[in-house]
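File shown: final-v5.tsv. Contents: TSV, C-alpha atoms and all ligand atoms.
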chain	number	residue	atom	x	y	z
A	1	MET	CA	-76.64	-8.08	-143.04
A	2	HIS	CA	-74.31	-6.26	-140.70
A	3	ARG	CA	-74.06	-6.80	-136.99
A	4	TYR	CA	-72.57	-3.82	-135.14
A	5	VAL	CA	-70.65	-4.55	-131.95
A	6	GLN	CA	-69.53	-1.66	-129.76
A	7	CYS	CA	-66.09	-2.02	-128.27
A	8	THR	CA	-63.39	0.12	-126.69
A	9	LEU	CA	-59.67	0.61	-127.15
A	10	VAL	CA	-57.67	2.43	-124.46
A	11	GLN	CA	-54.23	3.91	-125.05
A	12	ILE	CA	-52.25	4.69	-121.90
A	13	PHE	CA	-49.54	7.34	-122.19
A	14	ASN	CA	-46.69	8.17	-119.84
A	15	ASP	CA	-44.73	11.07	-121.29
A	16	GLN	CA	-43.18	9.73	-124.53
A	17	LYS	CA	-44.22	6.14	-123.85
A	18	ILE	CA	-47.36	4.17	-124.60
A	19	LEU	CA	-48.48	0.95	-122.93
A	20	LEU	CA	-49.45	-1.78	-125.37
A	21	GLY	CA	-50.51	-5.33	-124.67
A	22	MET	CA	-49.53	-8.48	-126.53
A	23	LYS	CA	-52.86	-10.24	-127.19
A	24	LYS	CA	-52.57	-13.79	-125.90
A	25	ARG	CA	-55.81	-15.24	-127.29
A	26	GLY	CA	-58.82	-14.53	-129.52
A	27	LEU	CA	-59.08	-12.02	-132.33
A	28	GLY	CA	-55.72	-10.32	-132.97
A	29	VAL	CA	-53.70	-12.95	-131.08
A	30	GLY	CA	-49.94	-12.41	-131.39
A	31	MET	CA	-50.29	-8.67	-132.02
A	32	TRP	CA	-49.68	-5.58	-129.85
A	33	ASN	CA	-52.74	-3.43	-129.24
A	34	GLY	CA	-54.38	-1.04	-126.82
A	35	PHE	CA	-56.62	-2.48	-124.11
A	36	GLY	CA	-60.33	-2.99	-124.62
A	37	GLY	CA	-63.18	-5.23	-125.52
A	38	LYS	CA	-66.88	-5.41	-126.00
A	39	VAL	CA	-69.26	-3.02	-124.26
A	40	GLU	CA	-71.73	-4.90	-122.06
A	41	ALA	CA	-75.48	-4.31	-122.05
A	42	GLY	CA	-76.41	-1.17	-120.14
A	43	GLU	CA	-72.79	0.00	-119.85
A	44	ASP	CA	-71.63	3.37	-121.15
A	45	LEU	CA	-68.52	3.53	-123.33
A	46	LYS	CA	-66.13	5.01	-120.78
A	47	THR	CA	-67.24	2.65	-118.01
A	48	ALA	CA	-66.65	-0.27	-120.37
A	49	ALA	CA	-63.26	1.15	-121.38
A	50	ALA	CA	-62.15	1.53	-117.74
A	51	ARG	CA	-63.38	-1.99	-116.87
A	52	GLU	CA	-61.52	-3.62	-119.77
A	53	LEU	CA	-58.36	-1.64	-119.01
A	54	LYS	CA	-58.41	-2.90	-115.42
A	55	GLU	CA	-59.13	-6.51	-116.45
A	56	GLU	CA	-56.41	-6.61	-119.09
A	57	SER	CA	-53.62	-4.38	-117.71
A	58	GLY	CA	-54.25	-3.97	-113.98
A	59	LEU	CA	-54.44	-0.18	-114.34
A	60	GLU	CA	-57.35	1.90	-113.06
A	61	VAL	CA	-58.57	5.06	-114.69
A	62	LEU	CA	-61.34	7.48	-113.79
A	63	THR	CA	-63.81	7.78	-116.65
A	64	SER	CA	-63.30	11.56	-116.47
A	65	ASN	CA	-59.65	10.98	-117.46
A	66	LEU	CA	-60.55	9.07	-120.63
A	67	MET	CA	-60.36	11.35	-123.68
A	68	GLU	CA	-61.96	10.44	-127.00
A	69	VAL	CA	-59.37	10.29	-129.74
A	70	GLY	CA	-61.02	8.35	-132.51
A	71	LEU	CA	-63.69	6.08	-133.85
A	72	LEU	CA	-62.70	3.09	-135.96
A	73	LEU	CA	-65.06	0.70	-137.70
A	74	PHE	CA	-63.56	-2.71	-138.41
A	75	GLU	CA	-65.77	-4.68	-140.78
A	76	PHE	CA	-65.18	-8.40	-141.14
A	77	VAL	CA	-66.90	-8.88	-144.50
A	78	ASN	CA	-67.18	-12.64	-144.27
A	79	SER	CA	-69.22	-12.65	-141.06
A	80	GLY	CA	-70.84	-9.23	-141.50
A	81	VAL	CA	-69.61	-8.19	-138.07
A	82	VAL	CA	-68.61	-4.53	-137.73
A	83	LEU	CA	-66.60	-3.76	-134.61
A	84	GLU	CA	-67.16	-0.14	-133.66
A	85	ALA	CA	-63.99	0.65	-131.72
A	86	ASN	CA	-64.17	3.78	-129.59
A	87	VAL	CA	-60.58	4.84	-129.00
A	88	PHE	CA	-59.62	6.70	-125.81
A	89	ARG	CA	-56.37	8.00	-124.40
A	90	ALA	CA	-55.43	8.53	-120.77
A	91	VAL	CA	-52.39	10.10	-119.14
A	92	GLU	CA	-53.66	9.80	-115.57
A	93	TYR	CA	-54.21	6.39	-114.02
A	94	LYS	CA	-53.20	4.37	-111.02
A	95	GLY	CA	-52.31	0.81	-110.18
A	96	VAL	CA	-49.57	-1.57	-111.15
A	97	VAL	CA	-49.17	-2.87	-114.68
A	98	THR	CA	-50.06	-6.56	-114.46
A	99	GLU	CA	-50.15	-9.30	-117.05
A	100	SER	CA	-53.59	-10.86	-117.53
A	101	GLU	CA	-54.84	-14.01	-119.24
A	102	GLU	CA	-55.62	-11.92	-122.30
A	103	MET	CA	-52.73	-9.43	-122.50
A	104	ARG	CA	-49.00	-9.13	-121.74
A	105	PRO	CA	-48.40	-5.37	-121.27
A	106	CYS	CA	-45.20	-3.57	-122.20
A	107	TRP	CA	-44.17	0.12	-122.48
A	108	PHE	CA	-42.99	1.36	-125.88
A	109	ASP	CA	-41.36	4.62	-126.84
A	110	ILE	CA	-43.71	6.38	-129.25
A	111	LYS	CA	-40.80	6.58	-131.70
A	112	ASP	CA	-40.38	2.81	-131.57
A	113	ILE	CA	-43.84	1.33	-132.04
A	114	PRO	CA	-43.79	-2.38	-133.10
A	115	TYR	CA	-45.99	-1.81	-136.16
A	116	LYS	CA	-44.89	-5.01	-137.87
A	117	ASP	CA	-46.54	-6.98	-135.05
A	118	MET	CA	-49.75	-4.95	-135.04
A	119	TRP	CA	-52.93	-4.69	-137.09
A	120	VAL	CA	-51.81	-3.32	-140.46
A	121	ASP	CA	-53.90	-0.12	-140.32
A	122	ASP	CA	-52.43	1.01	-136.97
A	123	VAL	CA	-49.37	2.49	-138.69
A	124	ASP	CA	-51.73	5.01	-140.31
A	125	TRP	CA	-53.75	6.16	-137.31
A	126	PHE	CA	-51.24	5.89	-134.41
A	127	PRO	CA	-49.34	8.93	-135.78
A	128	LEU	CA	-52.62	10.90	-135.83
A	129	MET	CA	-53.18	9.96	-132.21
A	130	PHE	CA	-49.62	11.07	-131.32
A	131	LYS	CA	-50.33	14.44	-132.96
A	132	GLN	CA	-53.51	14.73	-130.83
A	133	LYS	CA	-55.74	14.65	-133.92
A	134	LEU	CA	-59.25	13.24	-133.77
A	135	PHE	CA	-59.79	10.59	-136.41
A	136	TYR	CA	-62.44	8.39	-138.01
A	137	GLY	CA	-61.64	5.20	-139.88
A	138	PHE	CA	-63.45	2.43	-141.70
A	139	MET	CA	-61.39	-0.68	-142.40
A	140	LYS	CA	-62.57	-3.85	-144.09
A	141	PHE	CA	-61.02	-7.24	-143.45
A	142	THR	CA	-61.26	-10.61	-145.18
A	143	GLU	CA	-61.99	-13.84	-143.32
A	144	LYS	CA	-58.22	-14.20	-142.88
A	145	ASN	CA	-58.17	-10.83	-141.07
A	146	GLU	CA	-56.30	-9.23	-143.97
A	147	MET	CA	-57.27	-5.61	-144.62
A	148	PHE	CA	-58.41	-4.87	-148.19
A	149	SER	CA	-59.96	-1.42	-147.87
A	150	GLN	CA	-59.35	1.58	-145.67
A	151	GLU	CA	-60.86	5.01	-145.28
A	152	LEU	CA	-59.27	7.30	-142.71
A	153	LYS	CA	-59.92	10.95	-142.01
A	154	VAL	CA	-59.07	13.61	-139.48
A	155	LEU	CA	-62.02	15.31	-137.77
A	156	GLU	CA	-62.39	18.74	-136.25
A	157	ASN	CA	-64.50	17.69	-133.26
A	158	VAL	CA	-66.22	14.67	-131.68
A	159	GLU	CA	-69.63	15.69	-133.03
A	160	GLU	CA	-68.41	14.53	-136.44
A	161	PHE	CA	-68.16	10.90	-135.22
B	201	LIG	N1	-55.69	-1.58	-133.18
B	201	LIG	C1	-56.55	-2.33	-133.87
B	201	LIG	N2	-57.44	-3.09	-133.21
B	201	LIG	C2	-58.25	-3.84	-133.96
B	201	LIG	C3	-58.23	-3.85	-135.36
B	201	LIG	N3	-59.20	-4.71	-135.79
B	201	LIG	C4	-59.79	-5.21	-134.68
B	201	LIG	O1	-60.72	-6.02	-134.66
B	201	LIG	N4	-59.22	-4.67	-133.58
B	201	LIG	C5	-59.54	-4.86	-132.17
B	201	LIG	C6	-60.97	-4.54	-131.85
B	201	LIG	C7	-61.19	-5.36	-130.62
B	201	LIG	O2	-61.04	-4.53	-129.47
B	201	LIG	C8	-60.07	-6.38	-130.61
B	201	LIG	C9	-60.51	-7.76	-130.70
B	201	LIG	O3	-61.67	-7.90	-130.06
B	201	LIG	P1	-61.89	-8.57	-128.67
B	201	LIG	O4	-60.76	-8.39	-127.75
B	201	LIG	O5	-63.23	-8.10	-128.27
B	201	LIG	O6	-61.96	-10.08	-129.18
B	201	LIG	P2	-61.93	-11.41	-128.45
B	201	LIG	O7	-62.16	-12.42	-129.52
B	201	LIG	O8	-60.67	-11.54	-127.65
B	201	LIG	O9	-63.23	-11.27	-127.55
B	201	LIG	P3	-63.45	-11.16	-125.99
B	201	LIG	O10	-63.42	-12.57	-125.50
B	201	LIG	O11	-62.35	-10.29	-125.41
B	201	LIG	O12	-64.80	-10.49	-125.88
B	201	LIG	O13	-59.28	-6.13	-131.76
B	201	LIG	C10	-57.30	-3.05	-136.01
B	201	LIG	O14	-57.25	-3.00	-137.23
B	201	LIG	N5	-56.48	-2.30	-135.23
Could you show the structure in this file as structure tokens?
Amino acid sequence: MHRYVQCTLVQIFNDQKILLGMKKRGLGVGMWNGFGGKVEAGEDLKTAAARELKEESGLEVLTSNLMEVGLLLFEFVNSGVVLEANVFRAVEYKGVVTESEEMRPCWFDIKDIPYKDMWVDDVDWFPLMFKQKLFYGFMKFTEKNEMFSQELKVLENVEEF
């Protein structure tokens, strides 16, 4: 039996730089990632994305400035949990980048992404995001969070999600 959990992943861009956060606890600890988390009951995706961004990075974004860039399904086969990560990008935001209990943010040049300290599949879809492609992915992980299967494709429009 699968249990689907909706979550969000926000990528903040400033010209040729992207803001990533070092995850300080929980799933993915010790790795750089975008900002996000689980969607709460009754919350729409963009509202959840903006809330998590604020909580984890200190930055505020209007939901109208969040652009869909991809949909990634992360299945943890041992538990049957499938995280449905809705990936957004934003180039307009306000506030001061602030470390939180969950994330230590840092700007990276898009030519110098720390892939070796990130989820292993990110090296495949980050370049699609940099080329402004829409993408869909389905990754399966073992109980040790090691990826053993990956499907990734480029889409023409969001309706294909
Ligand atoms: N970039 C990337 N992110 C991933 C991959 N696999 C994976 O679970 N994630 C993300 C999805 C989630 O947003 C995040 C971990 O979930 P989370 O932040 O909700 O987990 P947590 O245990 O800290 O839970 P919470 O207390 O914040 O609710 O990791 C991956 O392969 N690449």
Protein and nucleic residues near ligand LIG 201 (chain B), 8 Å, all atoms listed in the file, as a ChimeraX atom specification: /A:7-9,23,25-29,32-38,74,83-85,102,118-122,139,147
Counting all atoms listed in the file, the option among A:Glu68, A:Glu101, A:Asp109, A:Glu151 closest to Arg89 (chain A):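 Among the listed residues, the smallest separation from Arg89 (chain A) belongs to A:Glu68.
Straight-line separation from CA of Glu99 (chain A) to CA of Glu60 (chain A): 13.9 Å.
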Residue with smallest distance to Leu20 (chain A) - pool A:Glu92, A:Glu160, A:Asp112, A:Glu40, counting only C-alpha atoms: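 Under the stated criterion, the closest residue is A:Asp112.
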Closest of A:Asp44, A:Asp117, A:Glu75, A:Glu156 to His2 (chain A) - atom-to-atom distances counting all atoms listed in the file: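 Between A:Asp44, A:Asp117, A:Glu75, A:Glu156, the residue approaching His2 (chain A) most closely is A:Glu75.
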Which of A:Phe141, A:Gln132, A:Phe108, A:Leu59 sits closest to Gly95 (chain A) [using all atoms listed in the file]: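 Among the listed residues, the smallest separation from Gly95 (chain A) belongs to A:Leu59.
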Proximity to Gly70 (chain A) - best of A:Gln6, A:Pro105, A:Glu159, A:Met129, all atoms listed in the file: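 Using all atoms listed in the file, the shortest distance to Gly70 (chain A) belongs to A:Met129.
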Distance criterion (all atoms listed in the file): nearest to Thr47 (chain A) out of A:Trp125, A:Tyr115, A:Phe161, A:Phe88: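 Answer, going by the shortest atom-to-atom distance: A:Phe88.
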Expected residue set, 10 Å radius at (-56.1, -3.2, -117.3), only C-alpha atoms, as a PyMOL selection string: chain A and resi 10+12+21+34-36+49-61+95-100+103+105
Coordinates-based distance that separates CA of Gln150 (chain A) from CA of Val123 (chain A) (Å, one decimal):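 Distance between the two atoms: 12.2 Å.
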Padding of 4 Å on every side, edges along x, y and z, all listed atoms of region 90-100 of chain A included: what centre and edge lengths in Å, to one decimal, does that box have, as lines of an AutoDock Vina configuration file?
center_x = -52.3
center_y = -0.4
center_z = -115.5
size_x = 14.3
size_y = 29.0
size_z = 18.6
Selection near Phe76 (chain A), 8 Å with all atoms listed in the file, sequence-local residues under 5 positions removed, as a PyMOL selection string: chain A and resi 81-82+140-143+145
Would you output that residue set with C-alpha atoms, as an mmCIF file, keeping the file's coordinate frame?
data_model
loop_
_atom_site.group_PDB
_atom_site.id
_atom_site.type_symbol
_atom_site.label_atom_id
_atom_site.label_comp_id
_atom_site.auth_asym_id
_atom_site.auth_seq_id
_atom_site.Cartn_x
_atom_site.Cartn_y
_atom_site.Cartn_z
ATOM 1 C CA VAL A 81 -69.610 -8.190 -138.070
ATOM 2 C CA VAL A 82 -68.610 -4.530 -137.730
ATOM 3 C CA LYS A 140 -62.570 -3.850 -144.090
ATOM 4 C CA PHE A 141 -61.020 -7.240 -143.450
ATOM 5 C CA THR A 142 -61.260 -10.610 -145.180
ATOM 6 C CA GLU A 143 -61.990 -13.840 -143.320
ATOM 7 C CA ASN A 145 -58.170 -10.830 -141.070
#
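Put simply, CA of Val158 (chain A) is 18.3 Å away from CA of Pro127 (chain A).
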